[in-house]
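Heads up, structure_12.pdb below (PDB, C-alpha atoms):
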```pdb
ATOM      1  CA  MET A   1       0.000   0.000   0.000
ATOM      2  CA  SER A   2       1.302   3.463  -0.887
ATOM      3  CA  PHE A   3       1.643   6.097   1.812
ATOM      4  CA  PRO A   4      -0.392   9.298   1.210
ATOM      5  CA  PRO A   5       1.630  12.513   0.835
ATOM      6  CA  SER A   6       0.061  13.993   3.987
ATOM      7  CA  ILE A   7       1.281  10.999   6.010
ATOM      8  CA  LEU A   8       4.773  11.200   4.533
ATOM      9  CA  GLU A   9       4.879  14.910   5.384
ATOM     10  CA  ARG A  10       3.978  14.161   9.022
ATOM     11  CA  ALA A  11       6.673  11.494   9.103
ATOM     12  CA  VAL A  12       9.272  13.961   7.831
ATOM     13  CA  GLU A  13       8.173  16.544  10.424
ATOM     14  CA  ARG A  14       8.646  14.030  13.248
ATOM     15  CA  LYS A  15      11.740  12.384  11.724
ATOM     16  CA  LEU A  16      10.171   8.917  11.661
ATOM     17  CA  GLY A  17      12.522   7.486   9.056
ATOM     18  CA  GLU A  18      11.640   5.174   6.182
ATOM     19  CA  PRO A  19       8.065   3.873   5.668
ATOM     20  CA  VAL A  20       7.627   0.203   6.557
ATOM     21  CA  ARG A  21       3.992  -0.889   6.294
ATOM     22  CA  ALA A  22       0.415   0.396   6.446
ATOM     23  CA  PHE A  23      -2.293  -1.312   8.515
ATOM     24  CA  ASP A  24      -5.604  -0.163   7.042
ATOM     25  CA  GLY A  25      -8.895  -0.874   8.805
ATOM     26  CA  ARG A  26     -11.041   0.656   6.081
ATOM     27  CA  ALA A  27     -11.358  -2.606   4.136
ATOM     28  CA  SER A  28     -13.070  -4.257   7.102
ATOM     29  CA  LEU A  29     -15.138  -1.072   7.564
ATOM     30  CA  TRP A  30     -16.557  -1.243   4.050
ATOM     31  CA  ARG A  31     -17.194  -4.971   4.358
ATOM     32  CA  ALA A  32     -19.034  -4.435   7.640
ATOM     33  CA  LEU A  33     -21.024  -1.516   6.206
ATOM     34  CA  THR A  34     -22.094  -3.675   3.267
ATOM     35  CA  TRP A  35     -23.288  -6.554   5.442
ATOM     36  CA  THR A  36     -24.940  -4.189   7.911
ATOM     37  CA  GLY A  37     -26.824  -2.534   5.054
ATOM     38  CA  LEU A  38     -27.958  -5.885   3.635
ATOM     39  CA  PHE A  39     -29.220  -7.064   7.018
ATOM     40  CA  GLY A  40     -30.942  -3.746   7.622
ATOM     41  CA  LEU A  41     -32.647  -3.933   4.226
ATOM     42  CA  ALA A  42     -33.741  -7.510   4.897
ATOM     43  CA  GLY A  43     -35.244  -6.395   8.199
ATOM     44  CA  LEU A  44     -37.155  -3.580   6.497
ATOM     45  CA  VAL A  45     -38.659  -6.131   4.118
ATOM     46  CA  LEU A  46     -39.322  -9.029   6.485
ATOM     47  CA  ILE A  47     -40.974  -7.217   9.388
ATOM     48  CA  PRO A  48     -43.691  -5.409   7.344
ATOM     49  CA  THR A  49     -44.211  -8.616   5.346
ATOM     50  CA  ALA A  50     -44.815 -10.620   8.524
ATOM     51  CA  VAL A  51     -47.239  -8.047   9.901
ATOM     52  CA  ALA A  52     -49.167  -7.706   6.636
ATOM     53  CA  ALA A  53     -49.373 -11.458   6.063
ATOM     54  CA  MET A  54     -50.703 -12.112   9.546
ATOM     55  CA  ALA A  55     -53.226  -9.292   9.171
ATOM     56  CA  VAL A  56     -54.775 -10.845   6.030
ATOM     57  CA  GLY A  57     -54.691 -14.390   7.356
ATOM     58  CA  ARG A  58     -51.809 -15.697   5.265
ATOM     59  CA  ALA A  59     -50.246 -17.554   8.158
ATOM     60  CA  GLY A  60     -47.787 -19.520   6.011
ATOM     61  CA  VAL A  61     -46.175 -16.455   4.503
ATOM     62  CA  GLY A  62     -46.277 -14.690   7.866
ATOM     63  CA  SER A  63     -44.612 -17.623   9.611
ATOM     64  CA  VAL A  64     -41.769 -17.710   7.062
ATOM     65  CA  ALA A  65     -41.217 -13.973   7.493
ATOM     66  CA  VAL A  66     -41.263 -14.295  11.299
ATOM     67  CA  LEU A  67     -38.700 -17.095  11.108
ATOM     68  CA  GLY A  68     -36.548 -14.858   8.937
ATOM     69  CA  VAL A  69     -36.730 -12.057  11.515
ATOM     70  CA  ALA A  70     -35.883 -14.520  14.290
ATOM     71  CA  ALA A  71     -32.914 -15.833  12.321
ATOM     72  CA  GLN A  72     -31.680 -12.275  11.904
ATOM     73  CA  ALA A  73     -31.988 -11.641  15.640
ATOM     74  CA  VAL A  74     -29.747 -14.659  16.298
ATOM     75  CA  ALA A  75     -27.304 -13.985  13.465
ATOM     76  CA  VAL A  76     -26.675 -10.289  14.081
ATOM     77  CA  PRO A  77     -24.874 -10.630  17.476
ATOM     78  CA  TRP A  78     -22.800 -13.534  16.140
ATOM     79  CA  LEU A  79     -21.818 -11.617  13.006
ATOM     80  CA  ALA A  80     -20.978  -8.558  15.105
ATOM     81  CA  ARG A  81     -18.615 -10.644  17.275
ATOM     82  CA  LYS A  82     -16.970 -11.975  14.113
ATOM     83  CA  GLY A  83     -16.542  -8.439  12.836
ATOM     84  CA  LEU A  84     -18.726  -8.962   9.740
ATOM     85  CA  ILE A  85     -21.245  -6.267  10.691
ATOM     86  CA  LEU A  86     -20.939  -3.102  12.743
ATOM     87  CA  ALA A  87     -21.524  -3.420  16.470
ATOM     88  CA  GLY A  88     -22.304   0.275  16.973
ATOM     89  CA  PRO A  89     -20.875   3.803  16.626
ATOM     90  CA  ALA A  90     -17.731   2.909  18.595
ATOM     91  CA  ASP A  91     -17.056   0.027  16.207
ATOM     92  CA  LEU A  92     -17.494   2.396  13.262
ATOM     93  CA  ARG A  93     -14.890   4.783  14.699
ATOM     94  CA  ALA A  94     -12.494   1.920  15.505
ATOM     95  CA  ARG A  95     -12.576   0.572  11.953
ATOM     96  CA  ASN A  96     -12.167   3.978  10.338
ATOM     97  CA  LYS A  97      -8.484   3.918  11.205
ATOM     98  CA  THR A  98      -5.150   3.356   9.500
ATOM     99  CA  VAL A  99      -1.761   3.001  11.178
ATOM    100  CA  TYR A 100       1.318   3.836   9.107
ATOM    101  CA  LEU A 101       4.440   2.179  10.476
ATOM    102  CA  PHE A 102       7.843   3.800  10.004
ATOM    103  CA  ALA A 103      11.315   2.773  11.104
ATOM    104  CA  CYS A 104      11.326   5.212  14.033
ATOM    105  CA  GLY A 105       7.642   5.461  14.916
ATOM    106  CA  LEU A 106       4.129   5.593  13.518
ATOM    107  CA  VAL A 107       1.388   7.887  12.229
ATOM    108  CA  LEU A 108      -2.255   7.265  13.084
ATOM    109  CA  ARG A 109      -5.044   8.299  10.725
ATOM    110  CA  ALA A 110      -8.359   8.390  12.568
ATOM    111  CA  GLY A 111     -11.011  10.683  11.159
ATOM    112  CA  GLY A 112      -9.426  14.065  10.532
ATOM    113  CA  GLU A 113      -6.525  13.523  12.930
ATOM    114  CA  ARG A 114      -2.965  12.615  11.969
ATOM    115  CA  PRO A 115      -1.018  12.253  15.252
ATOM    116  CA  ALA A 116       2.562  11.065  14.802
ATOM    117  CA  TYR A 117       4.637   9.341  17.481
ATOM    118  CA  ARG A 118       8.297   8.474  17.716
ATOM    119  CA  TRP A 119       9.021   5.282  19.682
ATOM    120  CA  GLU A 120      10.260   7.294  22.654
ATOM    121  CA  ASP A 121       6.865   9.076  22.762
ATOM    122  CA  LEU A 122       5.148   5.804  23.749
ATOM    123  CA  ALA A 123       5.041   4.897  27.440
ATOM    124  CA  SER A 124       3.388   1.474  27.588
ATOM    125  CA  VAL A 125       1.724  -1.332  25.651
ATOM    126  CA  THR A 126      -0.944  -3.590  27.152
ATOM    127  CA  VAL A 127      -1.863  -6.772  25.298
ATOM    128  CA  SER A 128      -5.033  -8.826  25.548
ATOM    129  CA  GLY A 129      -6.355 -11.672  23.422
ATOM    130  CA  VAL A 130      -9.635 -13.537  23.054
ATOM    131  CA  ARG A 131      -9.768 -16.927  21.351
ATOM    132  CA  ASP A 132     -12.723 -17.682  19.055
ATOM    133  CA  GLY A 133     -13.673 -21.099  20.412
ATOM    134  CA  ALA A 134     -11.365 -23.851  21.603
ATOM    135  CA  GLN A 135      -9.516 -24.137  18.278
ATOM    136  CA  GLY A 136     -10.205 -20.712  16.813
ATOM    137  CA  PRO A 137      -7.715 -17.916  16.198
ATOM    138  CA  THR A 138      -6.845 -15.417  18.908
ATOM    139  CA  ARG A 139      -8.170 -11.888  18.369
ATOM    140  CA  TYR A 140      -5.485  -9.547  19.683
ATOM    141  CA  ARG A 141      -5.985  -6.082  21.115
ATOM    142  CA  PHE A 142      -3.122  -3.702  21.919
ATOM    143  CA  ALA A 143      -3.668  -0.586  24.028
ATOM    144  CA  VAL A 144      -0.773   1.826  23.586
ATOM    145  CA  CYS A 145      -0.430   4.697  26.030
ATOM    146  CA  ALA A 146       1.520   7.708  24.769
ATOM    147  CA  ALA A 147       3.525  10.015  26.987
ATOM    148  CA  ASP A 148       0.974  12.779  26.298
ATOM    149  CA  GLY A 149      -1.726  10.635  27.946
ATOM    150  CA  ARG A 150      -3.488   9.562  24.772
ATOM    151  CA  GLU A 151      -4.453   5.903  24.442
ATOM    152  CA  ILE A 152      -4.294   4.320  20.999
ATOM    153  CA  VAL A 153      -6.079   0.988  20.571
ATOM    154  CA  PHE A 154      -5.240  -1.499  17.820
ATOM    155  CA  GLY A 155      -7.623  -4.428  17.430
ATOM    156  CA  PRO A 156      -8.675  -7.094  14.937
ATOM    157  CA  GLU A 157     -10.222  -4.404  12.740
ATOM    158  CA  LEU A 158      -6.672  -3.818  11.459
ATOM    159  CA  PRO A 159      -5.355  -6.563   9.149
ATOM    160  CA  GLY A 160      -2.040  -7.853  10.512
ATOM    161  CA  VAL A 161      -2.589  -6.247  13.897
ATOM    162  CA  ARG A 162      -0.466  -8.863  15.677
ATOM    163  CA  ASP A 163       2.594  -7.878  13.602
ATOM    164  CA  LEU A 164       1.949  -4.222  14.368
ATOM    165  CA  GLY A 165       1.416  -4.828  18.088
ATOM    166  CA  GLU A 166       4.509  -6.994  18.437
ATOM    167  CA  ARG A 167       6.672  -4.360  16.707
ATOM    168  CA  VAL A 168       5.348  -1.576  18.924
ATOM    169  CA  ALA A 169       5.706  -3.733  22.060
ATOM    170  CA  ALA A 170       9.298  -4.608  21.163
ATOM    171  CA  GLU A 171      10.227  -0.957  20.633
ATOM    172  CA  VAL A 172       8.596   0.159  23.889
ATOM    173  CA  THR A 173      10.087  -2.750  25.849
ATOM    174  CA  GLY A 174      13.571  -1.872  24.623
ATOM    175  CA  ARG A 175      13.183   1.572  26.179
ATOM    176  CA  VAL A 176      11.233   0.691  29.331
ATOM    177  CA  LEU A 177      13.417  -2.225  30.426
ATOM    178  CA  PRO A 178      16.688  -0.338  31.132
ATOM    179  CA  ASP A 179      14.810   2.367  33.040
ATOM    180  CA  ARG A 180      12.925  -0.062  35.299
ATOM    181  CA  LEU A 181      16.052  -2.123  35.979
ATOM    182  CA  ALA A 182      18.121   0.939  36.821
ATOM    183  CA  ARG A 183      15.496   2.312  39.190
ATOM    184  CA  VAL A 184      15.078  -0.952  41.115
ATOM    185  CA  ARG A 185      18.836  -1.478  41.319
ATOM    186  CA  ALA A 186      19.118   2.075  42.662
ATOM    187  CA  GLY A 187      16.815   1.139  45.541
ATOM    188  CA  GLU A 188      13.450   2.375  44.212
ATOM    189  CA  SER A 189      10.164   0.474  44.128
ATOM    190  CA  VAL A 190       8.574   0.376  40.666
ATOM    191  CA  ARG A 191       4.904  -0.259  40.003
ATOM    192  CA  MET A 192       4.005  -2.328  36.923
ATOM    193  CA  GLY A 193       0.277  -3.011  36.829
ATOM    194  CA  PRO A 194      -0.716  -4.829  40.041
ATOM    195  CA  PHE A 195       2.907  -5.765  40.779
ATOM    196  CA  THR A 196       5.469  -3.765  42.735
ATOM    197  CA  LEU A 197       9.127  -4.518  42.061
ATOM    198  CA  GLY A 198      11.684  -3.497  44.658
ATOM    199  CA  PRO A 199      15.322  -4.198  45.531
ATOM    200  CA  ASP A 200      14.358  -7.195  47.682
ATOM    201  CA  GLY A 201      11.636  -8.814  45.585
ATOM    202  CA  VAL A 202       8.258  -8.570  43.825
ATOM    203  CA  GLU A 203       4.942  -7.982  45.581
ATOM    204  CA  LYS A 204       1.268  -8.192  44.656
ATOM    205  CA  GLU A 205      -1.645  -7.461  46.986
ATOM    206  CA  GLY A 206       0.433  -7.963  50.121
ATOM    207  CA  GLU A 207       2.059 -11.221  49.009
ATOM    208  CA  ARG A 208       5.779 -11.030  48.323
ATOM    209  CA  LEU A 209       8.475 -13.177  46.694
ATOM    210  CA  SER A 210      12.147 -12.409  47.245
ATOM    211  CA  TRP A 211      14.409 -12.342  44.196
ATOM    212  CA  ALA A 212      16.419 -15.207  45.657
ATOM    213  CA  ASP A 213      13.284 -17.396  45.595
ATOM    214  CA  VAL A 214      12.099 -16.488  42.084
ATOM    215  CA  VAL A 215      13.045 -19.074  39.470
ATOM    216  CA  GLU A 216      10.473 -18.511  36.721
ATOM    217  CA  ALA A 217       8.578 -15.675  35.075
ATOM    218  CA  GLY A 218       6.578 -15.535  31.874
ATOM    219  CA  VAL A 219       3.368 -14.906  29.975
ATOM    220  CA  ASP A 220       1.170 -17.907  29.267
ATOM    221  CA  ASN A 221      -2.413 -18.119  27.995
ATOM    222  CA  GLY A 222      -3.132 -14.472  28.762
ATOM    223  CA  VAL A 223      -1.641 -14.588  32.270
ATOM    224  CA  VAL A 224       1.530 -12.871  33.505
ATOM    225  CA  TYR A 225       3.209 -14.775  36.328
ATOM    226  CA  VAL A 226       6.289 -15.008  38.504
ATOM    227  CA  GLY A 227       6.918 -17.960  40.789
ATOM    228  CA  THR A 228       9.213 -20.114  42.880
ATOM    229  CA  ARG A 229      10.545 -23.579  42.137
ATOM    230  CA  ASP A 230       7.805 -26.154  41.413
ATOM    231  CA  GLU A 231       5.262 -23.295  41.668
ATOM    232  CA  ALA A 232       5.225 -23.600  45.448
ATOM    233  CA  ARG A 233       4.410 -19.899  45.460
ATOM    234  CA  ARG A 234       3.242 -17.883  42.500
ATOM    235  CA  LEU A 235       2.025 -14.358  41.797
ATOM    236  CA  SER A 236      -0.050 -13.815  38.668
ATOM    237  CA  ALA A 237      -2.336 -11.345  36.925
ATOM    238  CA  ILE A 238      -4.336 -11.166  33.714
ATOM    239  CA  ALA A 239      -2.113  -9.763  30.957
ATOM    240  CA  SER A 240      -4.594  -6.993  30.149
ATOM    241  CA  ARG A 241      -3.898  -5.566  33.634
ATOM    242  CA  VAL A 242      -0.119  -5.464  33.188
ATOM    243  CA  PRO A 243       1.242  -2.694  30.938
ATOM    244  CA  ASN A 244       4.595  -3.633  29.404
ATOM    245  CA  ALA A 245       4.178  -7.261  30.455
ATOM    246  CA  ILE A 246       7.246  -8.409  28.492
ATOM    247  CA  ALA A 247       9.396  -5.790  30.208
ATOM    248  CA  PHE A 248       7.993  -6.919  33.572
ATOM    249  CA  VAL A 249       8.988 -10.527  32.897
ATOM    250  CA  GLN A 250      12.483  -9.535  31.771
ATOM    251  CA  VAL A 251      13.008  -7.316  34.821
ATOM    252  CA  CYS A 252      11.984 -10.199  37.092
ATOM    253  CA  GLU A 253      14.307 -12.625  35.325
ATOM    254  CA  THR A 254      17.251 -10.230  35.440
ATOM    255  CA  LEU A 255      16.833  -9.323  39.103
ATOM    256  CA  ALA A 256      16.399 -12.986  40.056
ATOM    257  CA  ASP A 257      19.548 -13.816  38.075
ATOM    258  CA  ASP A 258      21.343 -11.175  40.111
ATOM    259  CA  GLU A 259      20.527 -13.316  43.152
ATOM    260  CA  GLY A 260      21.817 -16.512  41.504
ATOM    261  CA  ALA A 261      18.570 -18.172  40.346
ATOM    262  CA  VAL A 262      19.166 -20.435  37.356
ATOM    263  CA  SER A 263      15.854 -21.718  35.940
ATOM    264  CA  ARG A 264      13.849 -19.627  33.480
ATOM    265  CA  THR A 265      10.807 -19.959  31.250
ATOM    266  CA  ASP A 266      10.435 -18.344  27.820
ATOM    267  CA  VAL A 267       8.071 -15.439  27.280
TER     268      VAL A 267
END
```

Output the file's structure in the form of structure tokens.
Amino acid sequence: MSFPPSILERAVERKLGEPVRAFDGRASLWRALTWTGLFGLAGLVLIPTAVAAMAVGRAGVGSVAVLGVAAQAVAVPWLARKGLILAGPADLRARNKTVYLFACGLVLRAGGERPAYRWEDLASVTVSGVRDGAQGPTRYRFAVCAADGREIVFGPELPGVRDLGERVAAEVTGRVLPDRLARVRAGESVRMGPFTLGPDGVEKEGERLSWADVVEAGVDNGVVYVGTRDEARRLSAIASRVPNAIAFVQVCETLADDEGAVSRTDV
């Protein structure tokens, strides 16, 4: 996909480097608008047909129309969850979005806005995922908090959103990790979601593990955790509550290694 001149101009202004890839949600927007319109039109036809048929005693025709309306009532929520039709005004705004990725940052096109962010402008990334059924694909959602307080949300409305989210998370982690490590090693306590990391260990809701006892940390099945050998003691939280979860895991592993722990699990 080509980058519009207005986007390239914003990138030059913010010194974002070379263009990499565009993630355009408008394709899914038009698809959803089309299906929403077709279902709306079908409803406009079926409901008056059912009423009119019942009024003149044509029960067979009326029954078929009623069944059609009932089928729509069941199908619409399912199709909305699958992203095939619009789920409301918020869904319309979410899909009317394009993210332009550059080597040193990104530009967001949402409505008339064109905010541009360098990687150092982004403070945190929070990841959540919902699986469609036991064997279905995971629908990822990334909430990116900028240093100016703005939250940017990337969801399944953007084709390739996992690639985008992982790139942003990697860039933010590379900047957050040294800062958090340096602060804890300097004697500070650092809050990361529901966890507090300090010079002597990690704490959550009054329960504490010393760094000498920690032998594993990771993210598994939407849960961020840190624990002792054989999971005798374990602190955990849902990943959507832990901004910069990958940085949190790496801080825990590094500080535990400082105390001589040897066993680790992959993120």

Residue nearest A:Asp179 - candidates A:Arg118, A:Pro156, A:Ala247, A:Gly218, atoms counted: all atoms listed in the file: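 Looking only at the distances to A:Asp179, the closest residue turns out to be A:Ala247.
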
Pairwise distance for atom CA of A:Glu216 and atom CA of A:Ala239, rounded to one decimal in Å: 16.4 Å

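Straight-line separation from atom CA of A:Leu197 to atom CA of A:Val249: 11.0 Å.
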
I would like the residues chosen by the PyMOL selection byres ((chain A and resi 16) around 7) on the shown file; could you give them as a list in words? Ala11, Val12, Arg14, Lys15, Gly17, Glu18, Phe102, Ala103, Cys104, Gly105 and Arg118 of chain A

Decode the PyMOL selection byres ((chain A and resi 152) around 12) for the given file into explicit residues and return them as a PyMOL selection string. chain A and resi 94+97-99+106-110+115-117+122-126+141-151+153-155+165+168

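Residues in contact with A:Pro199 at up to 7 Å, not including ones fewer than 5 positions away on its chain and judged by all atoms listed in the file, are Val184, Arg185, Gly187 and Glu188 of chain A.
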
Please measure the separation of atom CA of A:Ser189 and atom CA of A:Glu203, giving the value in Å to one decimal. 10.0 Å

Write out as a PyMOL selection string which residues come within 8 Å of A:Val223 when counting only C-alpha atoms, dropping same-chain ones fewer than 2 positions away. chain A and resi 219-221+225+236-239

Identify the residues around (-2.3, -10.3, 16.7) within a radius of 10 Å, measuring from all atoms listed in the file in the coordinates stated by the file, and give them as a short mmCIF file (atom, residue, chain, number, x, y, z; two decimals) with C-alpha atoms, keeping the file's coordinate frame.
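Contents of point_36.cif, freshly written:
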```cif
data_model
loop_
_atom_site.label_atom_id
_atom_site.label_comp_id
_atom_site.auth_asym_id
_atom_site.auth_seq_id
_atom_site.Cartn_x
_atom_site.Cartn_y
_atom_site.Cartn_z
CA VAL A 127 -1.86 -6.77 25.30
CA SER A 128 -5.03 -8.83 25.55
CA GLY A 129 -6.36 -11.67 23.42
CA PRO A 137 -7.72 -17.92 16.20
CA THR A 138 -6.84 -15.42 18.91
CA ARG A 139 -8.17 -11.89 18.37
CA TYR A 140 -5.48 -9.55 19.68
CA ARG A 141 -5.98 -6.08 21.12
CA PHE A 142 -3.12 -3.70 21.92
CA PHE A 154 -5.24 -1.50 17.82
CA GLY A 155 -7.62 -4.43 17.43
CA PRO A 156 -8.68 -7.09 14.94
CA LEU A 158 -6.67 -3.82 11.46
CA PRO A 159 -5.36 -6.56 9.15
CA GLY A 160 -2.04 -7.85 10.51
CA VAL A 161 -2.59 -6.25 13.90
CA ARG A 162 -0.47 -8.86 15.68
CA ASP A 163 2.59 -7.88 13.60
CA LEU A 164 1.95 -4.22 14.37
CA GLY A 165 1.42 -4.83 18.09
CA GLU A 166 4.51 -6.99 18.44
#
```

Once the PyMOL selection byres ((chain A and resi 250) around 10) has been evaluated on this model, what residues remain selected, and can you format them as a list in words?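 Output from the PyMOL selection byres ((chain A and resi 250) around 10), applied to this file: Thr173, Leu177, Leu181, Ala217, Gly218, Ala245, Ile246, Ala247, Phe248, Val249, Val251, Cys252, Glu253, Thr254, Leu255, Ala256, Asp266 and Val267 of chain A.
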
Those same residues - C-alpha atoms - I'd like them written as a tab-separated table (two decimals), in the frame of the given file.
```tsv
chain	number	residue	atom	x	y	z
A	173	THR	CA	10.09	-2.75	25.85
A	177	LEU	CA	13.42	-2.22	30.43
A	181	LEU	CA	16.05	-2.12	35.98
A	217	ALA	CA	8.58	-15.68	35.08
A	218	GLY	CA	6.58	-15.54	31.87
A	245	ALA	CA	4.18	-7.26	30.46
A	246	ILE	CA	7.25	-8.41	28.49
A	247	ALA	CA	9.40	-5.79	30.21
A	248	PHE	CA	7.99	-6.92	33.57
A	249	VAL	CA	8.99	-10.53	32.90
A	251	VAL	CA	13.01	-7.32	34.82
A	252	CYS	CA	11.98	-10.20	37.09
A	253	GLU	CA	14.31	-12.62	35.33
A	254	THR	CA	17.25	-10.23	35.44
A	255	LEU	CA	16.83	-9.32	39.10
A	256	ALA	CA	16.40	-12.99	40.06
A	266	ASP	CA	10.44	-18.34	27.82
A	267	VAL	CA	8.07	-15.44	27.28
```

With 6 Å added on each side, what axis-aligned box encloses every listed atom of stretch 113-127 of chain A? Give the centre and edge lengths in Å to one decimal, as JSON.
```
{"center_x": 1.9, "center_y": 3.4, "center_z": 19.8, "size_x": 28.8, "size_y": 32.3, "size_z": 27.6}
```

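With only the atoms specified (all atoms listed in the file) counting, those residues at most 8 Å away from (2.0, -15.2, 47.2) are Glu203, Lys204, Gly206, Glu207, Arg208, Leu209, Arg233, Arg234 and Leu235 of chain A.
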
Would you put the residues from that selection into a file with C-alpha atoms, as a PDB file, in the frame of the given file?
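Result file is result15.pdb:
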```pdb
ATOM      1  CA  GLU A 203       4.942  -7.982  45.581  1.00  0.00           C
ATOM      2  CA  LYS A 204       1.268  -8.192  44.656  1.00  0.00           C
ATOM      3  CA  GLY A 206       0.433  -7.963  50.121  1.00  0.00           C
ATOM      4  CA  GLU A 207       2.059 -11.221  49.009  1.00  0.00           C
ATOM      5  CA  ARG A 208       5.779 -11.030  48.323  1.00  0.00           C
ATOM      6  CA  LEU A 209       8.475 -13.177  46.694  1.00  0.00           C
ATOM      7  CA  ARG A 233       4.410 -19.899  45.460  1.00  0.00           C
ATOM      8  CA  ARG A 234       3.242 -17.883  42.500  1.00  0.00           C
ATOM      9  CA  LEU A 235       2.025 -14.358  41.797  1.00  0.00           C
TER      10      LEU A 235
END
```
